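Trainee: File upload-v2.cif follows (mmCIF, C-alpha atoms and all ligand atoms):
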data_query
#
loop_
_atom_site.label_atom_id
_atom_site.label_comp_id
_atom_site.auth_asym_id
_atom_site.auth_seq_id
_atom_site.Cartn_x
_atom_site.Cartn_y
_atom_site.Cartn_z
CA MET A 1 0.00 0.00 0.00
CA ASN A 2 1.36 3.41 -0.99
CA VAL A 3 0.89 6.49 1.18
CA GLU A 4 1.69 10.12 0.47
CA ILE A 5 2.97 11.93 3.56
CA ILE A 6 1.37 15.35 3.94
CA LYS A 7 2.49 16.62 7.35
CA MET A 8 4.24 15.62 10.56
CA ASP A 9 2.75 14.94 13.97
CA ASN A 10 4.23 16.11 17.24
CA LEU A 11 6.05 12.80 17.81
CA GLY A 12 8.12 13.39 14.65
CA ARG A 13 6.11 10.90 12.56
CA GLY A 14 4.83 11.53 9.05
CA ILE A 15 1.04 11.64 8.56
CA GLY A 16 -0.84 10.42 5.48
CA TYR A 17 -4.21 8.91 4.63
CA LEU A 18 -5.09 5.30 3.87
CA ASN A 19 -8.65 4.00 3.30
CA ASN A 20 -9.96 7.39 4.54
CA LYS A 21 -8.17 6.92 7.83
CA ILE A 22 -5.13 8.76 9.13
CA ILE A 23 -1.88 6.77 9.16
CA PHE A 24 1.24 7.62 11.19
CA VAL A 25 4.52 6.51 9.62
CA PRO A 26 7.79 7.13 11.54
CA LYS A 27 10.89 8.28 9.63
CA THR A 28 8.94 9.88 6.81
CA VAL A 29 8.68 13.53 5.78
CA PRO A 30 6.04 15.57 3.92
CA GLY A 31 6.37 14.96 0.18
CA ASP A 32 7.45 11.32 0.54
CA ILE A 33 5.47 8.60 -1.22
CA VAL A 34 6.18 5.42 0.70
CA GLU A 35 5.07 1.83 0.65
CA VAL A 36 3.96 0.90 4.16
CA GLU A 37 3.20 -2.13 6.24
CA ILE A 38 0.46 -1.61 8.84
CA THR A 39 1.77 -2.29 12.35
CA LYS A 40 -1.33 -1.27 14.30
CA GLU A 41 -4.98 -0.74 13.34
CA LYS A 42 -7.29 1.31 15.58
CA LYS A 43 -10.84 2.56 15.02
CA ASN A 44 -9.70 6.02 13.85
CA TYR A 45 -6.14 5.53 12.68
CA TYR A 46 -3.38 3.20 11.54
CA GLU A 47 0.27 3.05 12.47
CA GLY A 48 2.66 1.80 9.82
CA LYS A 49 6.30 1.42 8.91
CA ILE A 50 8.11 2.07 5.64
CA THR A 51 8.81 -0.98 3.51
CA GLU A 52 10.03 1.08 0.53
CA ILE A 53 10.49 4.75 -0.32
CA ILE A 54 8.74 5.04 -3.72
CA THR A 55 9.33 8.79 -4.27
CA PRO A 56 11.52 10.61 -1.76
CA SER A 57 10.52 14.09 -0.62
CA LYS A 58 12.81 16.97 -1.64
CA LYS A 59 13.21 17.56 2.11
CA ARG A 60 14.74 14.11 2.66
CA ILE A 61 18.50 13.80 3.30
CA LYS A 62 20.62 10.65 3.69
CA PRO A 63 20.79 9.81 7.41
CA ILE A 64 24.36 9.58 8.66
CA CYS A 65 23.59 6.54 10.84
CA PRO A 66 23.20 3.08 9.29
CA TYR A 67 20.79 2.06 12.08
CA PHE A 68 18.45 5.05 11.62
CA ALA A 69 15.75 3.24 9.63
CA LYS A 70 15.28 0.67 12.40
CA CYS A 71 16.40 2.39 15.61
CA GLY A 72 13.99 3.90 18.15
CA GLY A 73 16.62 6.42 19.34
CA CYS A 74 16.42 9.06 16.56
CA ASP A 75 13.38 10.38 14.67
CA LEU A 76 14.68 13.25 12.52
CA MET A 77 18.02 12.18 11.03
CA HIS A 78 16.42 12.07 7.57
CA ILE A 79 15.85 15.86 7.41
CA SER A 80 18.32 18.76 7.50
CA LEU A 81 19.09 20.59 10.72
CA SER A 82 17.20 23.71 9.54
CA GLU A 83 14.12 21.58 8.72
CA ALA A 84 14.37 19.91 12.13
CA LEU A 85 14.62 23.26 13.92
CA SER A 86 11.58 24.67 12.14
CA TYR A 87 9.72 21.39 12.79
CA LYS A 88 10.42 21.85 16.54
CA LEU A 89 9.21 25.46 16.51
CA ASP A 90 6.02 24.46 14.63
CA LYS A 91 5.44 21.54 16.98
CA VAL A 92 5.73 23.63 20.16
CA ASN A 93 3.54 26.38 18.68
CA ALA A 94 0.91 23.76 17.75
CA ILE A 95 0.98 22.38 21.31
CA LEU A 96 0.57 25.91 22.71
CA ARG A 97 -2.43 26.53 20.42
CA LYS A 98 -3.93 23.20 21.51
CA ASN A 99 -3.65 24.45 25.10
CA LYS A 100 -5.36 27.75 24.16
CA ILE A 101 -2.16 29.76 24.61
CA SER A 102 -1.89 32.60 22.13
CA TYR A 103 1.88 33.04 22.04
CA GLU A 104 4.16 32.29 19.13
CA VAL A 105 7.65 30.99 19.91
CA LYS A 106 10.11 32.32 17.33
CA ASN A 107 13.59 31.43 18.62
CA ILE A 108 15.41 28.15 18.87
CA ILE A 109 19.04 27.94 19.99
CA LYS A 110 21.09 25.44 17.96
CA SER A 111 23.35 22.90 19.57
CA GLN A 112 27.01 23.55 18.79
CA GLU A 113 27.27 19.86 17.93
CA GLN A 114 24.56 17.99 16.07
CA TYR A 115 26.18 14.57 16.58
CA HIS A 116 28.21 13.10 19.46
CA TYR A 117 26.71 15.54 21.94
CA ARG A 118 25.35 13.06 24.51
CA ASN A 119 27.33 12.60 27.72
CA LYS A 120 25.19 9.61 28.73
CA LEU A 121 24.03 6.50 26.89
CA THR A 122 21.99 3.55 28.14
CA VAL A 123 22.03 0.27 26.23
CA LYS A 124 20.28 -3.02 26.81
CA ILE A 125 22.27 -6.23 26.77
CA ILE A 126 20.14 -9.06 25.42
CA ASN A 127 21.71 -12.51 24.99
CA ASN A 128 25.18 -10.93 25.16
CA GLU A 129 24.36 -8.44 22.36
CA ILE A 130 24.43 -4.64 22.83
CA CYS A 131 21.02 -3.37 21.77
CA PHE A 132 18.69 -0.41 21.44
CA TYR A 133 15.00 -0.93 20.84
CA GLU A 134 13.18 -0.57 17.53
CA PRO A 135 10.41 2.06 17.55
CA GLU A 136 6.81 0.92 18.21
CA THR A 137 7.59 -2.82 18.42
CA HIS A 138 10.36 -2.50 21.01
CA SER A 139 12.17 -5.42 19.39
CA PRO A 140 15.89 -5.37 20.21
CA LEU A 141 18.20 -3.87 17.57
CA LYS A 142 21.86 -4.88 17.79
CA ILE A 143 24.13 -1.80 17.65
CA ALA A 144 27.87 -1.12 17.78
CA TYR A 145 27.90 2.68 17.59
CA CYS A 146 25.66 5.67 18.29
CA TYR A 147 26.01 8.98 16.44
CA LEU A 148 24.42 10.87 19.32
CA ALA A 149 26.89 9.60 21.94
CA SER A 150 30.23 11.27 22.60
CA GLU A 151 33.37 9.52 21.29
CA PRO A 152 34.55 8.20 24.71
CA ILE A 153 31.20 6.39 25.01
CA ASN A 154 31.47 4.92 21.51
CA ASN A 155 35.05 3.81 22.18
CA LEU A 156 33.97 1.89 25.26
CA LEU A 157 31.00 0.33 23.41
CA LYS A 158 33.56 -1.58 21.28
CA ASP A 159 34.74 -3.52 24.33
CA LEU A 160 31.60 -3.58 26.44
CA ASN A 161 30.97 -7.26 25.70
CA LYS A 162 34.22 -8.07 27.58
CA LEU A 163 32.12 -7.67 30.77
CA ASN A 164 30.29 -10.83 29.63
CA ILE A 165 26.84 -9.60 30.65
CA LYS A 166 24.19 -11.99 29.33
CA ASN A 167 21.16 -9.83 30.01
CA GLY A 168 21.06 -6.42 31.65
CA THR A 169 21.33 -2.66 31.28
CA VAL A 170 24.49 -0.59 30.99
CA THR A 171 24.69 3.18 31.31
CA ILE A 172 27.89 4.92 30.26
CA ARG A 173 28.38 8.49 31.49
CA THR A 174 31.24 10.76 30.49
CA ASN A 175 32.48 14.28 31.25
CA TYR A 176 34.43 17.22 29.79
CA LYS A 177 37.70 15.31 30.22
CA GLY A 178 36.43 12.14 28.51
CA GLU A 179 36.47 10.22 31.81
CA ILE A 180 33.94 7.43 32.10
CA LEU A 181 31.59 6.16 34.81
CA LEU A 182 30.13 2.73 34.05
CA ILE A 183 26.82 1.76 35.66
CA CYS A 184 25.68 -1.84 35.12
CA GLU A 185 22.64 -3.81 36.17
CA SER A 186 22.79 -7.53 35.54
CA GLU A 187 22.83 -10.95 37.14
CA GLY A 188 26.19 -12.62 37.83
CA ALA A 189 29.62 -11.09 38.24
CA LEU A 190 31.15 -8.67 35.72
CA GLU A 191 34.21 -10.11 33.95
CA ASN A 192 37.44 -8.44 32.74
CA THR A 193 36.88 -5.24 34.73
CA GLU A 194 40.67 -4.99 35.37
CA TRP A 195 41.28 -5.07 31.60
CA LEU A 196 38.73 -2.29 31.02
CA ILE A 197 40.18 -0.19 33.86
CA HIS A 198 43.64 -0.57 32.31
CA ASN A 199 42.52 0.29 28.77
CA TYR A 200 39.90 3.03 29.29
CA PRO A 201 39.76 6.25 31.36
CA LEU A 202 37.28 4.72 33.81
CA VAL A 203 36.81 6.62 37.08
CA GLY A 204 34.32 4.15 38.51
CA ILE A 205 32.25 1.01 37.99
CA ILE A 206 28.89 0.54 39.71
CA HIS A 207 27.22 -2.87 39.59
CA ASN A 208 23.64 -3.25 40.85
CA GLY A 209 24.05 -0.11 42.97
CA ASN A 210 27.37 -1.25 44.53
CA SER A 211 30.67 0.44 43.82
CA LEU A 212 33.05 -2.17 42.28
CA TYR A 213 35.87 0.18 41.44
CA GLY A 214 36.88 3.81 41.94
CA GLU A 215 34.33 6.56 42.50
CA ASN A 216 30.55 6.45 42.26
CA TYR A 217 30.43 9.88 40.64
CA LEU A 218 31.86 12.00 37.83
CA MET A 219 33.02 15.61 37.93
CA ASP A 220 31.85 17.76 35.02
CA GLN A 221 32.47 21.34 33.99
CA ILE A 222 29.99 23.66 32.27
CA ASN A 223 30.95 27.31 31.68
CA ASP A 224 33.10 28.14 34.73
CA TYR A 225 31.22 25.82 37.07
CA LEU A 226 32.34 22.43 38.31
CA PHE A 227 29.83 19.78 39.38
CA LYS A 228 29.95 16.51 41.23
CA ILE A 229 27.37 14.16 39.69
CA SER A 230 26.63 10.89 41.52
CA TYR A 231 25.88 7.85 39.37
CA ASP A 232 22.14 8.17 40.05
CA SER A 233 21.88 11.98 39.83
CA PHE A 234 20.35 13.76 36.84
CA PHE A 235 22.58 15.91 34.65
CA GLN A 236 21.67 17.64 31.37
CA VAL A 237 22.74 15.31 28.52
CA ASN A 238 23.97 17.97 26.06
CA PRO A 239 26.79 20.09 27.58
CA TYR A 240 26.71 22.63 24.72
CA ILE A 241 23.04 23.43 25.28
CA CYS A 242 23.43 23.16 29.05
CA SER A 243 25.91 26.05 28.77
CA GLU A 244 23.29 28.10 26.86
CA LEU A 245 20.67 27.23 29.49
CA PHE A 246 22.99 28.47 32.26
CA ASN A 247 23.46 31.77 30.37
CA LEU A 248 19.68 32.21 30.12
CA ILE A 249 19.21 31.41 33.82
CA ASN A 250 21.88 33.95 34.69
CA ASP A 251 20.31 36.65 32.48
CA TYR A 252 16.76 36.10 33.71
CA THR A 253 17.69 36.13 37.43
CA LYS A 254 19.55 39.48 37.26
CA ASP A 255 16.71 41.22 39.08
CA SER A 256 15.83 38.29 41.39
CA LYS A 257 16.69 38.32 45.08
CA GLU A 258 15.14 35.21 46.64
CA VAL A 259 14.84 32.16 44.39
CA LEU A 260 13.18 28.79 44.85
CA ASP A 261 14.65 26.07 42.60
CA PHE A 262 12.13 23.21 42.41
CA TYR A 263 13.54 19.96 40.94
CA SER A 264 17.10 21.17 41.56
CA GLY A 265 19.13 18.04 40.67
CA VAL A 266 22.81 18.50 41.59
CA GLY A 267 22.20 22.23 42.08
CA THR A 268 23.00 23.26 38.50
CA LEU A 269 20.41 25.99 37.92
CA SER A 270 20.76 27.41 41.47
CA ILE A 271 24.48 27.72 40.87
CA ALA A 272 23.89 29.32 37.46
CA THR A 273 21.65 32.06 38.95
CA ASN A 274 22.98 35.60 38.87
CA LYS A 275 25.48 36.65 41.58
CA ASN A 276 22.96 39.36 42.67
CA VAL A 277 20.63 36.66 44.01
CA GLN A 278 20.78 36.74 47.80
CA LYS A 279 19.21 33.41 48.70
CA THR A 280 18.30 30.23 46.80
CA LEU A 281 16.51 27.17 48.13
CA GLY A 282 16.61 24.01 46.00
CA VAL A 283 14.29 20.99 46.40
CA GLU A 284 15.18 17.62 44.89
CA ILE A 285 13.92 14.08 45.50
CA VAL A 286 17.14 12.07 44.83
CA ALA A 287 19.17 12.00 48.05
CA ASN A 288 22.56 11.66 46.32
CA ALA A 289 21.76 14.61 44.03
CA VAL A 290 21.09 16.77 47.11
CA LYS A 291 24.41 15.68 48.65
CA ASP A 292 26.09 16.57 45.34
CA ALA A 293 24.33 19.95 45.31
CA ASN A 294 25.53 20.74 48.83
CA LEU A 295 29.10 20.00 47.76
CA ASN A 296 28.69 21.82 44.44
CA LYS A 297 27.71 25.02 46.21
CA VAL A 298 30.99 24.87 48.16
CA ILE A 299 33.08 24.02 45.08
CA ASN A 300 31.50 26.93 43.22
CA LYS A 301 31.72 29.30 46.19
CA ARG A 302 27.98 30.00 46.38
CA ASP A 303 27.29 30.02 50.13
CA ASN A 304 23.87 31.64 49.68
CA LEU A 305 22.36 28.35 48.46
CA GLU A 306 20.50 25.70 50.45
CA PHE A 307 19.22 22.33 49.22
CA ILE A 308 16.71 19.98 50.78
CA ALA A 309 15.88 16.37 49.87
CA SER A 310 12.15 16.01 49.38
CA ASP A 311 9.34 15.36 46.98
CA THR A 312 8.29 18.87 45.92
CA SER A 313 4.63 17.99 46.65
CA LYS A 314 5.50 17.36 50.30
CA VAL A 315 7.08 20.80 50.77
CA LYS A 316 4.78 22.94 48.69
CA GLU A 317 4.30 25.19 51.76
CA LYS A 318 7.92 26.31 51.14
CA ILE A 319 6.45 28.27 48.23
CA THR A 320 5.82 31.59 50.00
CA SER A 321 5.81 35.23 49.00
CA TYR A 322 9.28 35.50 50.58
CA PHE A 323 10.55 34.24 47.19
CA ASP A 324 10.25 36.58 44.21
CA THR A 325 11.24 33.91 41.66
CA ILE A 326 10.63 30.19 41.26
CA ILE A 327 12.57 28.01 38.83
CA LEU A 328 10.62 24.91 37.76
CA ASP A 329 12.60 22.23 35.90
CA PRO A 330 10.41 19.15 36.40
CA PRO A 331 10.66 15.64 34.92
CA ARG A 332 8.61 14.87 31.77
CA SER A 333 5.41 14.54 33.81
CA GLY A 334 5.48 18.30 34.54
CA VAL A 335 4.38 20.14 37.68
CA LYS A 336 1.53 18.94 39.92
CA GLU A 337 -1.54 21.18 39.93
CA GLU A 338 -1.31 21.65 43.72
CA ILE A 339 2.14 23.21 43.26
CA ILE A 340 0.85 25.50 40.50
CA ASN A 341 -2.02 26.58 42.76
CA GLN A 342 0.38 27.35 45.61
CA ILE A 343 2.55 29.50 43.29
CA LYS A 344 -0.56 31.45 42.26
CA GLU A 345 -1.82 31.80 45.82
CA GLU A 346 1.51 33.13 47.05
CA LYS A 347 1.74 35.45 44.04
CA ILE A 348 5.35 34.57 43.19
CA LYS A 349 6.35 37.39 40.82
CA LYS A 350 8.43 35.46 38.33
CA ILE A 351 8.40 31.85 37.12
CA ILE A 352 11.24 30.41 35.05
CA TYR A 353 9.90 27.15 33.63
CA VAL A 354 12.46 24.84 31.99
CA SER A 355 10.86 21.83 30.36
CA CYS A 356 11.87 18.79 28.33
CA ASN A 357 8.23 18.01 27.51
CA PRO A 358 6.21 20.70 25.68
CA HIS A 359 2.97 18.73 26.22
CA THR A 360 3.07 19.00 30.02
CA LEU A 361 4.52 22.51 29.75
CA GLY A 362 1.50 23.53 27.62
CA ARG A 363 -0.87 21.94 30.13
CA ASP A 364 0.80 23.75 33.06
CA LEU A 365 1.00 27.12 31.26
CA ASN A 366 -2.71 26.88 30.55
CA LEU A 367 -3.28 26.78 34.33
CA LEU A 368 -0.96 29.72 34.96
CA LEU A 369 -1.87 32.19 32.25
CA ASP A 370 -4.92 33.68 33.99
CA GLU A 371 -2.49 35.29 36.45
CA TYR A 372 0.80 35.25 34.54
CA GLU A 373 1.96 36.43 31.14
CA ILE A 374 4.74 34.98 29.02
CA LYS A 375 7.68 37.37 28.84
CA GLU A 376 10.15 35.09 27.07
CA PHE A 377 9.93 31.70 25.39
CA ILE A 378 13.00 30.19 23.76
CA LEU A 379 13.57 26.66 22.53
CA LEU A 380 16.89 24.93 23.05
CA ASP A 381 17.90 22.12 20.70
CA MET A 382 19.05 19.89 23.55
CA PHE A 383 18.36 16.66 21.62
CA PRO A 384 19.34 17.07 17.92
CA ASN A 385 18.15 14.33 15.53
CA THR A 386 15.25 13.48 17.81
CA GLU A 387 11.76 14.98 18.01
CA HIS A 388 12.51 16.16 21.57
CA VAL A 389 13.16 19.77 22.48
CA GLU A 390 13.86 21.78 25.62
CA SER A 391 11.81 24.89 26.40
CA PHE A 392 12.85 27.93 28.44
CA CYS A 393 9.89 30.07 29.44
CA VAL A 394 9.76 33.16 31.67
CA LEU A 395 6.44 34.23 33.15
CA LYS A 396 5.64 37.37 35.12
CA MET A 397 2.65 38.01 37.37
CA ARG A 398 0.12 40.21 35.62
CA TYR A 399 -0.88 42.34 38.59
CA LYS A 400 2.47 43.32 40.13
C1 LIG Q 1 14.83 17.68 34.44
S1 LIG Q 1 15.70 17.32 35.90
C2 LIG Q 1 16.33 18.91 36.31
C3 LIG Q 1 17.47 18.93 37.29
C4 LIG Q 1 18.24 20.24 37.37
N1 LIG Q 1 17.38 21.39 37.42
C5 LIG Q 1 19.24 20.36 36.25
O1 LIG Q 1 19.09 21.24 35.39
O2 LIG Q 1 20.20 19.57 36.22
C6 LIG Q 1 14.40 17.01 37.02
C7 LIG Q 1 14.85 16.69 38.43
O3 LIG Q 1 13.67 16.53 39.24
C8 LIG Q 1 13.89 15.50 40.16
N2 LIG Q 1 12.55 15.06 40.59
C9 LIG Q 1 11.68 14.25 39.94
N3 LIG Q 1 10.52 14.16 40.61
C10 LIG Q 1 10.65 14.96 41.70
C11 LIG Q 1 9.78 15.30 42.80
N4 LIG Q 1 8.53 14.80 42.85
N5 LIG Q 1 10.23 16.13 43.74
C12 LIG Q 1 11.48 16.66 43.68
N6 LIG Q 1 12.36 16.37 42.67
C13 LIG Q 1 11.94 15.54 41.70
C14 LIG Q 1 14.71 14.49 39.39
O4 LIG Q 1 15.41 13.64 40.26
C15 LIG Q 1 15.65 15.40 38.58
O5 LIG Q 1 16.82 15.69 39.29
#
Would you encode the structure as structure tokens?
Ligand SMILES: C[S@@+](CC[C@H](N)C(=O)[O-])C[C@H]1O[C@@H](n2cnc3c(N)ncnc32)[C@H](O)[C@@H]1O
Mentor:
Amino acid sequence: MNVEIIKMDNLGRGIGYLNNKIIFVPKTVPGDIVEVEITKEKKNYYEGKITEIITPSKKRIKPICPYFAKCGGCDLMHISLSEALSYKLDKVNAILRKNKISYEVKNIIKSQEQYHYRNKLTVKIINNEICFYEPETHSPLKIAYCYLASEPINNLLKDLNKLNIKNGTVTIRTNYKGEILLICESEGALENTEWLIHNYPLVGIIHNGNSLYGENYLMDQINDYLFKISYDSFFQVNPYICSELFNLINDYTKDSKEVLDFYSGVGTLSIATNKNVQKTLGVEIVANAVKDANLNKVINKRDNLEFIASDTSKVKEKITSYFDTIILDPPRSGVKEEIINQIKEEKIKKIIYVSCNPHTLGRDLNLLLDEYEIKEFILLDMFPNTEHVESFCVLKMRYK
């Protein structure tokens, strides 16, 4: 069955029509005519996958990665960077419209590197093979290289099977110096760790939460700041865009005095706030990340910061009018409504909302915009070659 792709959805899939029903086809682009196999049939739509490209769209480029057609990791490697950037702007603007927000985002900051930007990669090991998953089906796809991962990660991938893991998960994290922290989850002992330690710049190996060798953290540097990042602490995956995010945080806290940093991780955004800020309180649920943050404030000589370990929902009463600014950088699920209500009740003057999920951002902005207006909205291309995008949004209270 042939399908002509006419537009793209907000998961990066091409959309066409088949038998008067909509069909979603990953890895296609408007203008393509493709032969498809149906992978799912629902009452109102189909999902399909390409079996052959009959007529390629003029927008199509040759993906750099040989796994692209089958891999669930990337969605947009078949279009140019400028097409991908305008796709991301259109997608976020469509999500805002869907949430009844009349604001048009115009700016997207490019990543300095389009490939090899990721400082963290997680692979599955299935029957001793290093795998990603295929999209939709989640069937394992054997891989030896990833164009999104930094070179130190790809180098180690070549010898990862020396650990002789039959089935498990391995996360490789790296830093500005190319040092590596290896985090494995699997049954049975890891083999040849001495060989890997001798041949790679490993600073630590964690197996099932236990430290087998060296440290259980990495140090990383962004702009002039240095961070300790424990093996289970969050850190932004693209250091080039993280640097841009820090610059924005610094600029937009110039007139802030007391700042709440909800979802504070290892203290990154608190530390990136402007030097004029007198007091910052960070709240983060991962205990190790809070320990890291408390050390990071010392390393970066910011003694006006405080961090507490808690679920933000359990300390929503910390949101008081004492703070003039709140930074929200939640996980993909966004911010709970009770927290949004508390922010509105306490009339916090400024909200800086950093989001990796425009859908939950749109939902949350919809709840805020009766009392707040958008003063700035910039996209950051944190995840090139994928449909994902980071948003940076500044809101000010309407009545102050
Ligand atoms: C997107 S990250 C942002 C971290 C940090 N702002 C940064 O830029 O590195 C979200 C953080 O929220 C934390 N988190 C998730 N759910 C949470 C909750 N209910 N309460 C507090 N922190 C939470 C995660 O552990 C993670 O560190």
Trainee: Give me, please, the distance in Å between CA of Glu113 (chain A) and CA of Pro201 (chain A), quoted to one decimal.
Mentor: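 Between these atoms lies a distance of 22.8 Å.
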Trainee: Report as a PyMOL selection string all protein, DNA and RNA residues lying within 7 Å of region 354-370 of chain A, evaluated on all atoms listed in the file, omitting residues in the same chain fewer than 4 positions from it.
Mentor: chain A and resi 92+95-96+99-101+328-330+332-335+389-393
Trainee: Go ahead and save the residues from that selection, with C-alpha atoms, as an mmCIF file, in the coordinates of the input.
Mentor:
data_model
loop_
_atom_site.group_PDB
_atom_site.id
_atom_site.type_symbol
_atom_site.label_atom_id
_atom_site.label_comp_id
_atom_site.auth_asym_id
_atom_site.auth_seq_id
_atom_site.Cartn_x
_atom_site.Cartn_y
_atom_site.Cartn_z
ATOM 1 C CA VAL A 92 5.730 23.630 20.160
ATOM 2 C CA ILE A 95 0.980 22.380 21.310
ATOM 3 C CA LEU A 96 0.570 25.910 22.710
ATOM 4 C CA ASN A 99 -3.650 24.450 25.100
ATOM 5 C CA LYS A 100 -5.360 27.750 24.160
ATOM 6 C CA ILE A 101 -2.160 29.760 24.610
ATOM 7 C CA LEU A 328 10.620 24.910 37.760
ATOM 8 C CA ASP A 329 12.600 22.230 35.900
ATOM 9 C CA PRO A 330 10.410 19.150 36.400
ATOM 10 C CA ARG A 332 8.610 14.870 31.770
ATOM 11 C CA SER A 333 5.410 14.540 33.810
ATOM 12 C CA GLY A 334 5.480 18.300 34.540
ATOM 13 C CA VAL A 335 4.380 20.140 37.680
ATOM 14 C CA VAL A 389 13.160 19.770 22.480
ATOM 15 C CA GLU A 390 13.860 21.780 25.620
ATOM 16 C CA SER A 391 11.810 24.890 26.400
ATOM 17 C CA PHE A 392 12.850 27.930 28.440
ATOM 18 C CA CYS A 393 9.890 30.070 29.440
#
Trainee: Just want the residues within 7 Å of ligand LIG 1 (chain Q), written as a PyMOL selection string, counting only C-alpha atoms and all ligand atoms.
Mentor: chain A and resi 233-236+262-269+283-286+289+310-313+329-331+356
Trainee: Please provide the set of residues having any atom within 8 Å of Ile130 (chain A), restricted to only C-alpha atoms, with same-chain residues fewer than 5 positions apart removed, written as a list in words.
Mentor: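 In the requested form, the answer reads Val123, Lys124, Ile125, Lys142, Ile143, Ala144 and Asn161 of chain A.
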Trainee: When you look at Glu373 (chain A) with a cut-off of 10 Å (counting only C-alpha atoms), what residues show up, excluding the ones that are within fewer than 3 positions of it in the same chain? I need them as a list in words.
Mentor: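 Listed by chain and then number, they are Tyr103, Lys350, Ile351, Leu365, Leu368, Leu369, Asp370, Glu376, Val394, Leu395, Lys396, Met397, Arg398 and Tyr399 of chain A.
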